[in-house]
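Visitor: I have a structure I would like to understand better, so I am pasting it below and will then ask my questions one at a time.
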Amino acid sequence: MLIGRDELGHRSETVRRANLSAIVRELHESGPLSRSDLVARTGLTRSAIRGLIGELVAGGLAIEGPAPLDGTPGRPSPVVRTDPHGAVVIALEIAVDSLAAATVGLGGRVIDLVRIDLPRGKSSVDDIAIALAGLASSMRDRLPSEDTIVGVGVAVVGVVRRSDGMVSLAPNLGWRDEPLGQRLAAALDVDVPIILANEADLAALAEHRRGVARGIDDIVIVWGSVGVGGGLVVDGEPLTGSAGYSGEIGHIPVNPDGIPCRCGSIGCLETEVGSTALLRRAGRSPEGGHDAVDEVLAAAEAGEPRALAAFAETGRWLGIGLAGVINILNPELVLLGGRLTASYPFVRASLEAELDRRVLRAARGIVRVVPASLGVDAPLRGAAELAFEPLLSDPAAWLRPRQPMVVLATA
Ligand SMILES: [Zn+2]
């Protein structure tokens with residue numbers, strides 16, 4: 001079969017775009033690299049790398065310059081890095097009791113970050129869209145140019161449909177079927193993609209790309225707050241399910257004789273390991289919130305038997321819920337994130353004991369349970385990663401000409 005000239009041109013353009021994507025992704029995820037590193041990591045030829053880097057530098061996405069001196073003799077070979085101001089995303093987060101916004105540059109550098117308490121009594125979808133747009137607006141004003149914004153990512157404490165940002169359920173906010181994506185688009189008034197996802201899914205993405213799970217392709221995160229969320233990375237890719245609803249580890253049924261859950265079911269994992277259950281078992285008011293949970297943590301550190309027993313019971317139920325997840329997915333790492341990170345030392349023993357009892361031996365030999373590493377900002381960092389995805393998939397679409405150079409004629 002003969003291939004026409006048009007088709008050949010089309011194919012080489014497809015290859016060029018895929019190669020640019022491979023290079024930008026490497027630089028974004030790994031940081032500065034020499035040309036030789038890029039040859040080794042992408043499998044492209046040296047001359048192809050040279051040409052593609054030239055395009056990225058001219059298009060404002062990369063910078064090439066001397067390597068930082070590392071004390072080894074000889075001339076350091078130049079390194080290529082992303083230009084953190086060449087492409088910027090806005091990351092937003094709606095958490096249980098706070099709102100956050102950040103601007104993050106290509107390569108993952110956080111340029112600006114602010115977190116405020118969730119305004120009391122103002123948690124309608126419109127109130128929150130306007131509050132987030134306000135936070136984002138002051139950050140946009142501080143950027144050298146709005147033209148460098150390539151996307152907006154939003155982490156939401158709720159069950160979110162990725163295609164349009166419809167929030168199916170967010171019990172902490174009292175939301176059911178709220179068109180958050182649509183309202184945010186109107187409030188933000190930007191002409192770049194706005195992508196929304198669940199906070200635990202995004203915490204998993206951030207820990208996989210920039211945290212303790214870096215380089216590990218099969219991970220599970222359990223994200224604890226008032227509710228309990230979950231996020232999964234399978235074969236190196238976030239598992240989203242058909243609409244974005246997967247990973248709701250908090251709503252695994254664990255106790256047939258349990259109490260009603262905010263999702264409408266009974267005996268979900270969340271009803272046994274959420275902060276309300278912890279506070280009840282520790283003899284505190286279940287309505288005490290984060291401050292009360294911090295008190296139970298302090299009491300456990302001081303060795304108070306009732307606090308220690310409450311955490312042990314949390315660990316036992318976590319183990320029961322996670323055993324099923326581990327038997328299905330065979331992950332290498334399970335991360336305890338959000339409010340569960342601080343509980344790790346006190347839930348560990350009973351959790352591991354339950355896994356020993358219930359997980360298939362082959363899978364048990366592989367899995368490790370560890371505290372998450374990126375802290376409270378993990379969902380926000382994941383939202384930034386999500387917002388970069390369109391650019392990482394096709395950077396050619398975002399290359400822009402630099403200011404035309406002025407050539408001075410000499411007389
Ligand atoms: Zn539930």
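Every chain in the structure tokens takes a letter, A first, then B, and so on in the order presented; its residues are numbered from 1, and the ligands are numbered from 1 following the presented order.
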Using only C-alpha atoms and all ligand atoms, what does the table of chain A residues within 8 Å of ligand 1 look like, with each row giving the shortest atom pair and its distance in Å to one decimal, sorted by chain and ascending number, as JSON lines?

Guide:
{"residue": "A:Gly250", "atom": "CA", "partner": "ligand 1", "partner_atom_place_in_ligand_line": "1 (Zn)", "distance": 6.4}
{"residue": "A:His251", "atom": "CA", "partner": "ligand 1", "partner_atom_place_in_ligand_line": "1 (Zn)", "distance": 4.0}
{"residue": "A:Ile252", "atom": "CA", "partner": "ligand 1", "partner_atom_place_in_ligand_line": "1 (Zn)", "distance": 7.2}
{"residue": "A:Pro253", "atom": "CA", "partner": "ligand 1", "partner_atom_place_in_ligand_line": "1 (Zn)", "distance": 7.5}
{"residue": "A:Pro260", "atom": "CA", "partner": "ligand 1", "partner_atom_place_in_ligand_line": "1 (Zn)", "distance": 7.8}
{"residue": "A:Cys261", "atom": "CA", "partner": "ligand 1", "partner_atom_place_in_ligand_line": "1 (Zn)", "distance": 4.6}
{"residue": "A:Arg262", "atom": "CA", "partner": "ligand 1", "partner_atom_place_in_ligand_line": "1 (Zn)", "distance": 5.8}
{"residue": "A:Cys263", "atom": "CA", "partner": "ligand 1", "partner_atom_place_in_ligand_line": "1 (Zn)", "distance": 4.3}
{"residue": "A:Gly264", "atom": "CA", "partner": "ligand 1", "partner_atom_place_in_ligand_line": "1 (Zn)", "distance": 6.3}
{"residue": "A:Ser265", "atom": "CA", "partner": "ligand 1", "partner_atom_place_in_ligand_line": "1 (Zn)", "distance": 5.2}
{"residue": "A:Ile266", "atom": "CA", "partner": "ligand 1", "partner_atom_place_in_ligand_line": "1 (Zn)", "distance": 6.5}
{"residue": "A:Gly267", "atom": "CA", "partner": "ligand 1", "partner_atom_place_in_ligand_line": "1 (Zn)", "distance": 7.2}
{"residue": "A:Cys268", "atom": "CA", "partner": "ligand 1", "partner_atom_place_in_ligand_line": "1 (Zn)", "distance": 4.6}
{"residue": "A:Leu269", "atom": "CA", "partner": "ligand 1", "partner_atom_place_in_ligand_line": "1 (Zn)", "distance": 7.2}
{"residue": "A:Glu270", "atom": "CA", "partner": "ligand 1", "partner_atom_place_in_ligand_line": "1 (Zn)", "distance": 6.4}
{"residue": "A:Thr271", "atom": "CA", "partner": "ligand 1", "partner_atom_place_in_ligand_line": "1 (Zn)", "distance": 7.3}

Visitor: Could you go through stretch 106-262 of chain A and tell me which residues DSSP, when run on the backbone, assigns to strand (DSSP E), listing them as JSON, numbers by chain?

Guide: {"A": [110, 111, 112, 113, 114, 115, 116, 117, 149, 150, 151, 152, 153, 154, 155, 156, 159, 160, 161, 166, 167, 168, 169, 170, 175, 176, 177, 178, 194, 195, 196, 197, 198, 219, 220, 221, 222, 223, 224, 228, 229, 230, 231, 232, 233, 234, 237, 238]}

Visitor: Between A:Arg357, A:Gly319, A:Ala302, A:Ser373, single out the one closest to A:Val212, counting only C-alpha atoms.

Guide: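 Among A:Arg357, A:Gly319, A:Ala302, A:Ser373, it is A:Ser373 that comes nearest to A:Val212.
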
Visitor: Point out the residue among A:Leu380, A:Val57, A:Ile128, A:Leu184 with the least atom-to-atom distance to A:Asp112, counting only C-alpha atoms.

Guide: A:Leu380

Visitor: Would you kindly return, as an MDAnalysis selection string, each protein, DNA or RNA residue with an atom no farther than 12 Å from any atom of A:Gly315, considering only C-alpha atoms and excluding same-chain residues fewer than 2 positions away?

Guide: chainID A and resid 269 272:274 277:278 308:313 317:323 336 340 343:355 369

Visitor: Counting only C-alpha atoms, which of A:Leu169, A:Ala100, A:Phe388, A:Arg368 gets nearest to A:Gly134?

Guide: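 Using only C-alpha atoms, A:Gly134 sits closest to A:Ala100.
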
Visitor: May I have a table of the residues of stretch 318-357 of chain A lying at most 12 Å from stretch 190-200 of chain A, giving each one's closest pair of atoms and their distance in Å to one decimal, counting only C-alpha atoms, ordered by chain and ascending residue number, as CSV?

Guide:
residue,atom,partner,partner_atom,distance
A:Leu335,CA,A:Ala200,CA,10.9
A:Leu336,CA,A:Ala200,CA,10.7
A:Gly337,CA,A:Ala200,CA,8.4
A:Gly338,CA,A:Ala200,CA,8.7
A:Arg339,CA,A:Ala200,CA,11.9

Visitor: Hey, can you spit out that residue selection with N, CA, C and O atoms as an mmCIF file, in the first residue's frame?

Guide:
data_model
loop_
_atom_site.group_PDB
_atom_site.id
_atom_site.type_symbol
_atom_site.label_atom_id
_atom_site.label_comp_id
_atom_site.auth_asym_id
_atom_site.auth_seq_id
_atom_site.Cartn_x
_atom_site.Cartn_y
_atom_site.Cartn_z
ATOM 1 N N LEU A 335 -1.470 3.849 51.829
ATOM 2 C CA LEU A 335 -1.108 5.070 52.542
ATOM 3 C C LEU A 335 -2.273 5.524 53.411
ATOM 4 O O LEU A 335 -3.420 5.519 52.967
ATOM 5 N N LEU A 336 -1.951 5.932 54.620
ATOM 6 C CA LEU A 336 -2.961 6.548 55.476
ATOM 7 C C LEU A 336 -2.771 8.051 55.384
ATOM 8 O O LEU A 336 -1.734 8.585 55.785
ATOM 9 N N GLY A 337 -3.788 8.735 54.816
ATOM 10 C CA GLY A 337 -3.656 10.165 54.579
ATOM 11 C C GLY A 337 -4.688 10.980 55.320
ATOM 12 O O GLY A 337 -5.558 10.438 56.013
ATOM 13 N N GLY A 338 -4.591 12.288 55.171
ATOM 14 C CA GLY A 338 -5.515 13.206 55.846
ATOM 15 C C GLY A 338 -5.321 13.099 57.353
ATOM 16 O O GLY A 338 -4.208 13.003 57.851
ATOM 17 N N ARG A 339 -6.447 13.057 58.079
ATOM 18 C CA ARG A 339 -6.371 12.981 59.540
ATOM 19 C C ARG A 339 -5.843 11.637 60.006
ATOM 20 O O ARG A 339 -5.450 11.494 61.172
#

Visitor: Go through stretch 70-143 of chain A and flag each residue having an atom no more than 12 Å from stretch 281-293 of chain A; for those, report the closest pair of atoms plus their distance in Å to one decimal, using only C-alpha atoms, ordered by chain and rising number, as a Markdown table.

Guide:
| residue | atom | partner | partner_atom | distance |
| --- | --- | --- | --- | --- |
| A:Val96 | CA | A:His290 | CA | 10.2 |
| A:Asp97 | CA | A:His290 | CA | 9.3 |
| A:Ser98 | CA | A:His290 | CA | 12.0 |

Visitor: What is the distance between atom CA of A:Gly43 and atom CA of A:Ala387, in Å to one decimal?

Guide: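 For atom CA of A:Gly43 relative to atom CA of A:Ala387, the distance reads 26.9 Å.
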